[in-house]
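Structure file protein24.txt with compact mmCIF, C-alpha atoms:
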# COMPACT_ATOMS: atom_id res chain seq x y z
CA MET A 1369 0.00 0.00 0.00
CA VAL A 1370 1.03 3.60 -0.52
CA SER A 1371 0.43 6.34 1.99
CA ALA A 1372 -0.10 9.26 -0.35
CA CYS A 1373 1.62 12.20 1.26
CA VAL A 1374 2.12 13.90 -2.10
CA VAL A 1375 2.89 17.59 -2.33
CA GLY A 1376 1.42 18.87 -5.57
CA GLY A 1377 0.97 16.81 -8.71
CA SER A 1378 3.07 15.45 -11.54
CA ASP A 1379 3.94 18.87 -12.87
CA GLY A 1380 7.54 18.37 -13.92
CA ARG A 1381 9.00 18.82 -10.47
CA THR A 1382 11.75 16.53 -9.22
CA ARG A 1383 10.16 13.50 -7.56
CA ILE A 1384 11.49 11.76 -4.47
CA ALA A 1385 10.08 8.50 -3.08
CA LEU A 1386 10.32 8.22 0.70
CA MET A 1387 10.11 4.56 1.73
CA MET A 1388 9.18 4.32 5.42
CA SER A 1389 9.35 0.97 7.21
CA HIS A 1390 5.92 1.70 8.70
CA MET A 1391 3.71 4.66 9.57
CA THR A 1392 2.31 3.53 12.90
CA ASN A 1393 4.00 5.74 15.50
CA SER A 1394 4.85 9.38 16.01
CA PHE A 1395 8.53 8.88 15.14
CA THR A 1396 7.84 7.76 11.58
CA THR A 1397 4.94 10.16 11.02
CA THR A 1398 6.92 13.15 12.34
CA LEU A 1399 9.89 12.29 10.12
CA ALA A 1400 7.73 11.79 7.04
CA HIS A 1401 5.75 14.98 7.64
CA ALA A 1402 8.97 17.00 7.95
CA ALA A 1403 10.33 15.42 4.77
CA VAL A 1404 7.19 16.33 2.82
CA GLU A 1405 7.33 19.91 4.14
CA GLU A 1406 11.02 20.20 3.21
CA GLY A 1407 10.21 18.96 -0.26
CA GLU A 1408 7.58 21.65 -0.60
CA ALA A 1409 10.08 24.29 0.54
CA LEU A 1410 12.62 23.10 -2.04
CA GLY A 1411 10.10 22.81 -4.87
CA LEU A 1412 10.20 19.01 -4.91
CA GLU A 1413 7.43 16.42 -4.96
CA VAL A 1414 7.80 13.90 -2.11
CA THR A 1415 5.68 10.74 -1.95
CA VAL A 1416 5.63 8.63 1.21
CA PHE A 1417 5.32 4.85 0.90
CA ASP A 1418 4.25 2.79 3.93
CA GLY A 1419 6.17 -0.50 4.05
CA ASN A 1420 3.84 -1.98 6.68
CA SER A 1421 6.87 -3.48 8.44
CA ASP A 1422 7.22 -6.03 5.65
CA ALA A 1423 10.50 -6.33 3.72
CA ALA A 1424 8.85 -7.87 0.66
CA THR A 1425 6.35 -5.00 0.50
CA GLN A 1426 9.16 -2.46 0.73
CA ILE A 1427 11.14 -4.11 -2.05
CA SER A 1428 8.05 -4.09 -4.27
CA GLN A 1429 7.56 -0.39 -3.52
CA ILE A 1430 11.16 0.45 -4.39
CA GLU A 1431 10.92 -1.51 -7.65
CA SER A 1432 7.68 0.33 -8.43
CA ALA A 1433 9.33 3.70 -7.80
CA VAL A 1434 12.18 2.70 -10.09
CA ALA A 1435 9.73 1.66 -12.81
CA GLN A 1436 7.84 4.95 -12.42
CA GLY A 1437 11.04 6.92 -12.93
CA TYR A 1438 11.35 8.68 -9.59
CA ASP A 1439 14.41 10.93 -9.51
CA GLY A 1440 15.60 9.75 -6.09
CA ILE A 1441 14.69 7.25 -3.39
CA LEU A 1442 15.05 7.53 0.39
CA VAL A 1443 14.54 4.30 2.30
CA GLU A 1444 14.20 3.46 5.97
CA PRO A 1445 14.94 -0.27 5.68
CA VAL A 1446 12.41 -2.66 7.19
CA SER A 1447 15.33 -5.08 7.31
CA LYS A 1448 19.07 -4.40 7.02
CA GLU A 1449 19.52 -7.44 4.80
CA GLY A 1450 16.10 -7.49 3.15
CA VAL A 1451 16.47 -4.12 1.44
CA ALA A 1452 19.35 -5.38 -0.74
CA PRO A 1453 17.24 -6.15 -3.86
CA GLY A 1454 15.81 -2.63 -3.72
CA LEU A 1455 19.25 -1.06 -3.56
CA LYS A 1456 20.32 -3.21 -6.52
CA ALA A 1457 17.27 -2.19 -8.57
CA ALA A 1458 17.90 1.51 -7.98
CA ASN A 1459 21.61 1.14 -8.75
CA GLU A 1460 20.90 -0.63 -12.04
CA ALA A 1461 18.46 2.12 -13.02
CA GLU A 1462 21.05 4.75 -11.99
CA ILE A 1463 18.57 6.35 -9.59
CA PRO A 1464 20.25 7.70 -6.44
CA ILE A 1465 19.10 5.85 -3.33
CA ALA A 1466 20.01 6.70 0.28
CA THR A 1467 19.14 5.08 3.59
CA ILE A 1468 17.64 6.92 6.53
CA VAL A 1469 17.33 6.04 10.25
CA GLN A 1470 18.85 2.59 9.74
CA GLN A 1471 21.76 1.62 7.53
CA ALA A 1472 21.59 -1.34 5.17
CA GLU A 1473 23.75 -4.45 5.34
CA GLN A 1474 25.01 -3.48 1.87
CA GLN A 1475 25.34 0.19 2.72
CA ASP A 1476 27.98 0.65 0.00
CA ARG A 1477 25.14 0.32 -2.53
CA ALA A 1478 23.52 3.44 -1.05
CA ALA A 1479 24.70 6.93 -1.93
CA ALA A 1480 24.48 8.13 1.68
CA TYR A 1481 23.05 7.53 5.14
CA ILE A 1482 21.03 10.18 6.97
CA GLY A 1483 19.94 9.72 10.55
CA GLY A 1484 20.97 9.61 14.15
CA ASP A 1485 24.16 8.09 15.50
CA ASP A 1486 22.51 5.24 17.40
CA THR A 1487 25.67 4.28 19.26
CA ALA A 1488 26.01 7.84 20.53
CA ALA A 1489 22.33 7.86 21.45
CA GLY A 1490 22.69 4.63 23.42
CA ARG A 1491 25.77 5.89 25.19
CA LEU A 1492 24.07 9.17 26.15
CA GLN A 1493 20.93 7.42 27.40
CA MET A 1494 22.82 4.96 29.58
CA GLU A 1495 25.12 7.66 30.94
CA LYS A 1496 22.14 9.75 32.04
CA VAL A 1497 20.32 6.75 33.52
CA ILE A 1498 23.35 5.72 35.57
CA GLU A 1499 23.79 9.28 36.75
CA ALA A 1500 20.13 9.38 37.80
CA ILE A 1501 20.24 6.16 39.83
CA GLY A 1502 23.40 7.15 41.66
CA GLU A 1503 26.11 5.30 39.71
CA GLU A 1504 25.05 1.85 40.90
CA GLY A 1505 21.99 -0.36 40.81
CA THR A 1506 19.97 -2.68 38.58
CA VAL A 1507 18.76 -2.00 35.06
CA ALA A 1508 16.26 -3.76 32.79
CA VAL A 1509 16.55 -3.23 29.04
CA LEU A 1510 13.80 -3.32 26.41
CA TYR A 1511 15.35 -3.90 22.98
CA GLY A 1512 14.07 -3.23 19.50
CA PRO A 1513 13.91 -6.12 17.01
CA MET A 1514 16.97 -8.24 17.69
CA GLY A 1515 19.61 -7.84 15.02
CA SER A 1516 18.18 -4.59 13.65
CA ASP A 1517 20.65 -1.77 13.15
CA GLY A 1518 19.09 0.43 15.82
CA GLN A 1519 19.01 -2.39 18.37
CA LEU A 1520 22.63 -3.36 17.80
CA GLN A 1521 24.07 0.14 17.76
CA ARG A 1522 22.15 1.42 20.77
CA LYS A 1523 23.19 -1.71 22.68
CA ALA A 1524 26.81 -1.05 21.70
CA GLY A 1525 26.47 2.37 23.31
CA TYR A 1526 24.96 0.82 26.44
CA ASP A 1527 27.72 -1.78 26.67
CA ALA A 1528 30.47 0.83 26.37
CA VAL A 1529 29.05 2.82 29.30
CA LEU A 1530 28.29 -0.24 31.44
CA ALA A 1531 31.90 -1.39 31.04
CA GLU A 1532 32.90 1.82 32.83
CA HIS A 1533 30.39 1.30 35.68
CA PRO A 1534 30.80 -2.14 37.29
CA GLY A 1535 28.32 -1.19 40.02
CA VAL A 1536 25.45 -1.20 37.52
CA ASN A 1537 24.06 -4.53 36.36
CA ILE A 1538 21.54 -5.54 33.71
CA VAL A 1539 19.23 -7.95 35.51
CA LEU A 1540 16.54 -8.35 32.84
CA GLU A 1541 16.62 -7.84 29.07
CA GLN A 1542 14.24 -8.73 26.28
CA THR A 1543 13.01 -7.46 22.94
CA ALA A 1544 9.62 -5.77 22.69
CA ASN A 1545 10.07 -5.02 18.97
CA TRP A 1546 9.58 -1.23 19.29
CA ASP A 1547 5.97 -1.95 20.37
CA THR A 1548 4.10 -0.37 23.30
CA ALA A 1549 1.71 -3.26 23.96
CA GLU A 1550 4.51 -5.82 23.79
CA ALA A 1551 6.63 -3.76 26.20
CA LEU A 1552 3.68 -3.59 28.59
CA THR A 1553 3.43 -7.39 28.63
CA VAL A 1554 7.18 -7.91 28.99
CA THR A 1555 7.36 -5.46 31.88
CA GLU A 1556 4.38 -7.06 33.62
CA ASN A 1557 6.18 -10.39 33.40
CA TRP A 1558 9.34 -8.82 34.83
CA LEU A 1559 7.43 -7.31 37.74
CA SER A 1560 5.84 -10.66 38.49
CA THR A 1561 9.31 -12.12 39.17
CA GLY A 1562 9.89 -9.72 42.07
CA THR A 1563 13.27 -8.68 40.65
CA HIS A 1564 14.39 -5.29 41.97
CA ILE A 1565 14.67 -2.77 39.12
CA ASP A 1566 16.07 0.73 39.53
CA ALA A 1567 15.69 1.73 35.89
CA ILE A 1568 14.09 0.50 32.69
CA VAL A 1569 16.10 1.51 29.64
CA ALA A 1570 13.94 1.25 26.53
CA GLN A 1571 15.46 1.57 23.08
CA ASN A 1572 12.55 3.72 21.92
CA ASP A 1573 9.80 5.83 23.45
CA SER A 1574 6.98 3.49 22.43
CA MET A 1575 8.43 0.69 24.55
CA ALA A 1576 9.22 3.09 27.39
CA LEU A 1577 5.54 4.08 27.47
CA GLY A 1578 4.50 0.44 27.62
CA ALA A 1579 6.87 -0.15 30.53
CA LEU A 1580 5.56 2.93 32.29
CA LYS A 1581 1.98 1.70 31.89
CA ALA A 1582 2.88 -1.62 33.49
CA LEU A 1583 4.60 0.16 36.36
CA THR A 1584 1.64 2.50 36.82
CA ASN A 1585 -0.79 -0.41 36.90
CA ALA A 1586 1.37 -1.99 39.61
CA GLY A 1587 1.67 1.26 41.56
CA GLU A 1588 5.44 1.35 41.04
CA GLN A 1589 5.80 4.20 38.55
CA ARG A 1590 7.53 6.44 41.10
CA GLU A 1591 10.04 3.78 42.04
CA VAL A 1592 11.62 3.11 38.64
CA HIS A 1593 13.46 5.49 36.29
CA VAL A 1594 12.05 4.98 32.77
CA SER A 1595 13.63 6.40 29.63
CA GLY A 1596 13.46 6.00 25.87
CA VAL A 1597 14.92 7.20 22.60
CA ASP A 1598 13.44 9.30 19.75
CA ALA A 1599 11.64 12.11 21.61
CA THR A 1600 8.33 11.22 19.97
CA ASP A 1601 5.25 13.35 20.57
CA ASP A 1602 3.88 10.75 22.99
CA GLY A 1603 7.19 10.43 24.78
CA VAL A 1604 7.56 14.18 25.14
CA ALA A 1605 3.99 14.45 26.44
CA SER A 1606 4.78 11.79 29.03
CA ILE A 1607 7.84 13.70 30.20
CA ARG A 1608 5.80 16.89 30.47
CA GLY A 1609 3.22 14.99 32.52
CA GLY A 1610 5.76 13.58 34.95
CA GLY A 1611 5.81 10.08 33.46
CA MET A 1612 8.97 9.16 31.56
CA ALA A 1613 12.12 10.57 33.11
CA GLY A 1614 13.90 11.24 29.85
CA THR A 1615 14.46 10.46 26.20
CA VAL A 1616 17.18 10.96 23.63
CA SER A 1617 16.25 13.26 20.79
CA GLN A 1618 18.02 12.59 17.53
CA ASP A 1619 16.01 15.42 15.95
CA THR A 1620 13.36 13.32 14.24
CA ALA A 1621 12.02 16.19 12.14
CA GLY A 1622 15.58 17.20 11.34
CA ILE A 1623 16.29 13.75 9.90
CA GLY A 1624 13.38 14.18 7.50
CA ARG A 1625 14.54 17.62 6.41
CA LEU A 1626 18.18 16.58 6.09
CA ALA A 1627 17.25 13.48 4.10
CA VAL A 1628 15.34 15.45 1.48
CA GLY A 1629 18.01 18.13 1.28
CA THR A 1630 20.71 15.49 0.85
CA MET A 1631 18.75 13.68 -1.85
CA ASP A 1632 18.17 16.96 -3.67
CA LYS A 1633 21.96 17.41 -3.84
CA LEU A 1634 22.48 13.83 -5.03
CA ILE A 1635 19.94 14.27 -7.81
CA LYS A 1636 21.74 17.43 -8.91
CA GLY A 1637 25.02 15.53 -9.01
CA GLU A 1638 26.55 17.30 -6.04
CA THR A 1639 28.90 15.57 -3.60
CA VAL A 1640 27.52 14.66 -0.18
CA GLU A 1641 29.01 12.94 2.87
CA ALA A 1642 28.55 9.17 3.03
CA VAL A 1643 27.26 9.47 6.61
CA ASN A 1644 25.14 12.41 7.77
CA TYR A 1645 24.31 12.41 11.48
CA THR A 1646 21.93 14.53 13.49
CA GLU A 1647 22.82 15.35 17.10
CA ALA A 1648 21.82 13.26 20.14
CA VAL A 1649 20.38 15.41 22.96
CA TRP A 1650 19.07 14.25 26.35
CA ILE A 1651 15.55 15.56 26.95
CA THR A 1652 14.00 15.85 30.42
CA ALA A 1653 11.38 18.07 32.03
CA ASP A 1654 14.10 20.69 32.38
CA ASN A 1655 14.60 21.27 28.64
CA VAL A 1656 11.59 19.65 26.96
CA ASP A 1657 10.12 22.99 25.92
CA THR A 1658 13.18 23.71 23.76
CA LEU A 1659 12.53 20.66 21.60
CA ASP A 1660 11.81 21.07 17.88
CA THR A 1661 8.93 18.70 17.15
CA GLY A 1662 8.70 19.65 13.50
CA ASP A 1663 5.29 21.29 13.88
Mind turning this structure into structure tokens?
Amino acid sequence: MVSACVVGGSDGRTRIALMMSHMTNSFTTTLAHAAVEEGEALGLEVTVFDGNSDAATQISQIESAVAQGYDGILVEPVSKEGVAPGLKAANEAEIPIATIVQQAEQQDRAAAYIGGDDTAAGRLQMEKVIEAIGEEGTVAVLYGPMGSDGQLQRKAGYDAVLAEHPGVNIVLEQTANWDTAEALTVTENWLSTGTHIDAIVAQNDSMALGALKALTNAGEQREVHVSGVDATDDGVASIRGGGMAGTVSQDTAGIGRLAVGTMDKLIKGETVEAVNYTEAVWITADNVDTLDTGD
């Protein structure tokens, strides 16, 4: 299926296809909305495709965009490995293709990467969590899909910080696949074990909110430090309401804008950096009102 976020019509403007892995949370919708707006500002036509979290669907969409003669393709891979045929199709058609948010296994087939530095984000999150719990204690970790680029890189950041703090131990860890409802269930199961938890470190805000719901239902929301990554609208609202303690912003709207600007340069034949990172910033109640949400 195609989510038709088209600015204008087929009027001769440069056309960019934005392939999102899914459009089911505020991270992906914020990014896509900012990309469409940036396209409008630059006089480009941006179409958003919803991959429905299915690699085969995303490949079909990329091949369709190639067949339709789009000038450039931006793809947030559903799967690091699974996007390979799409990269190959774009390369063979000599259409510039770049990855966003998550790099591909065959990243050398992409003209560039635009997104956050997930290792830096993971490091920053774990540093702030350890600081908040007093440099020692027990941590439970909610991972994204195991083996995904975001999961691996954010974990690498966690591991680097934990190696420097032997007084902090991970006592529980499990994937919740970026999903709020799944994180709720996982956290409920953790709480049923009676394991003492000082902090729940979730690899995205959606899972952090699920964990917080489980803690609230158990009357333990004030006892456990809960944080996420992405600074989504829902995550930010939770921080403002005294729920989540913090999140790492990688400038979601900024990724969308930077991606379109970078692709515009690629289409024009200009040189761009192979890796284009946005900045990781720790967001709490103290600085949440400074956050650019892309509105």
Looking at A:Glu1413, A:Glu1647, A:Asp1486, A:Glu1550, which one is nearest to Lys1581 (chain A), with distances taken over all atoms listed in the file?
A:Glu1550
What are the nearest atom pairs, with distances in Å to one decimal, for all residues of region 1470-1567 of chain A that come at most 9 Å from region 1427-1446 of chain A, using only C-alpha atoms, set out by chain and rising residue number as JSON lines?
{"residue": "A:Gln1470", "atom": "CA", "partner": "A:Glu1444", "partner_atom": "CA", "distance": 6.0}
{"residue": "A:Gln1471", "atom": "CA", "partner": "A:Pro1445", "partner_atom": "CA", "distance": 7.3}
{"residue": "A:Ala1472", "atom": "CA", "partner": "A:Pro1445", "partner_atom": "CA", "distance": 6.8}
{"residue": "A:Ser1516", "atom": "CA", "partner": "A:Val1446", "partner_atom": "CA", "distance": 8.9}
Go through region 1391-1413 of chain A residue by residue and, counting only C-alpha atoms, keep those with an atom at most 8 Å from region 1628-1638 of chain A; for each kept residue give the shortest atom pair and its distance in Å to one decimal, ordered by chain and increasing number, as a tab-separated table.
residue	atom	partner	partner_atom	distance
A:Ala1403	CA	A:Val1628	CA	6.0
A:Glu1406	CA	A:Val1628	CA	6.6
A:Gly1407	CA	A:Val1628	CA	6.5
For C-alpha atoms, I'd like the residues from the last selection saved as a PDB file, in the coordinates of the input.
ATOM      1  CA  ALA A1403      10.330  15.420   4.770  1.00  0.00           C
ATOM      2  CA  GLU A1406      11.020  20.200   3.210  1.00  0.00           C
ATOM      3  CA  GLY A1407      10.210  18.960  -0.260  1.00  0.00           C
TER       4      GLY A1407
END
Interatomic distance (Å, one decimal) between CA of Ala1402 (chain A) and CA of Ala1627 (chain A):
9.8 Å
Residue contacts of Ala1551 (chain A) (7 Å, only C-alpha atoms) excluding same-chain residues fewer than 6 positions away, as a short mmCIF file (atom, residue, chain, number, x, y, z; two decimals) with C-alpha atoms, keeping the file's coordinate frame:
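Saved to selection-v1.cif:
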data_model
loop_
_atom_site.label_atom_id
_atom_site.label_comp_id
_atom_site.auth_asym_id
_atom_site.auth_seq_id
_atom_site.Cartn_x
_atom_site.Cartn_y
_atom_site.Cartn_z
CA ALA A 1544 9.62 -5.77 22.69
CA MET A 1575 8.43 0.69 24.55
CA GLY A 1578 4.50 0.44 27.62
CA ALA A 1579 6.87 -0.15 30.53
#
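In this structure, CA of Gln1618 (chain A) sits 9.0 Å away from CA of Trp1650 (chain A).
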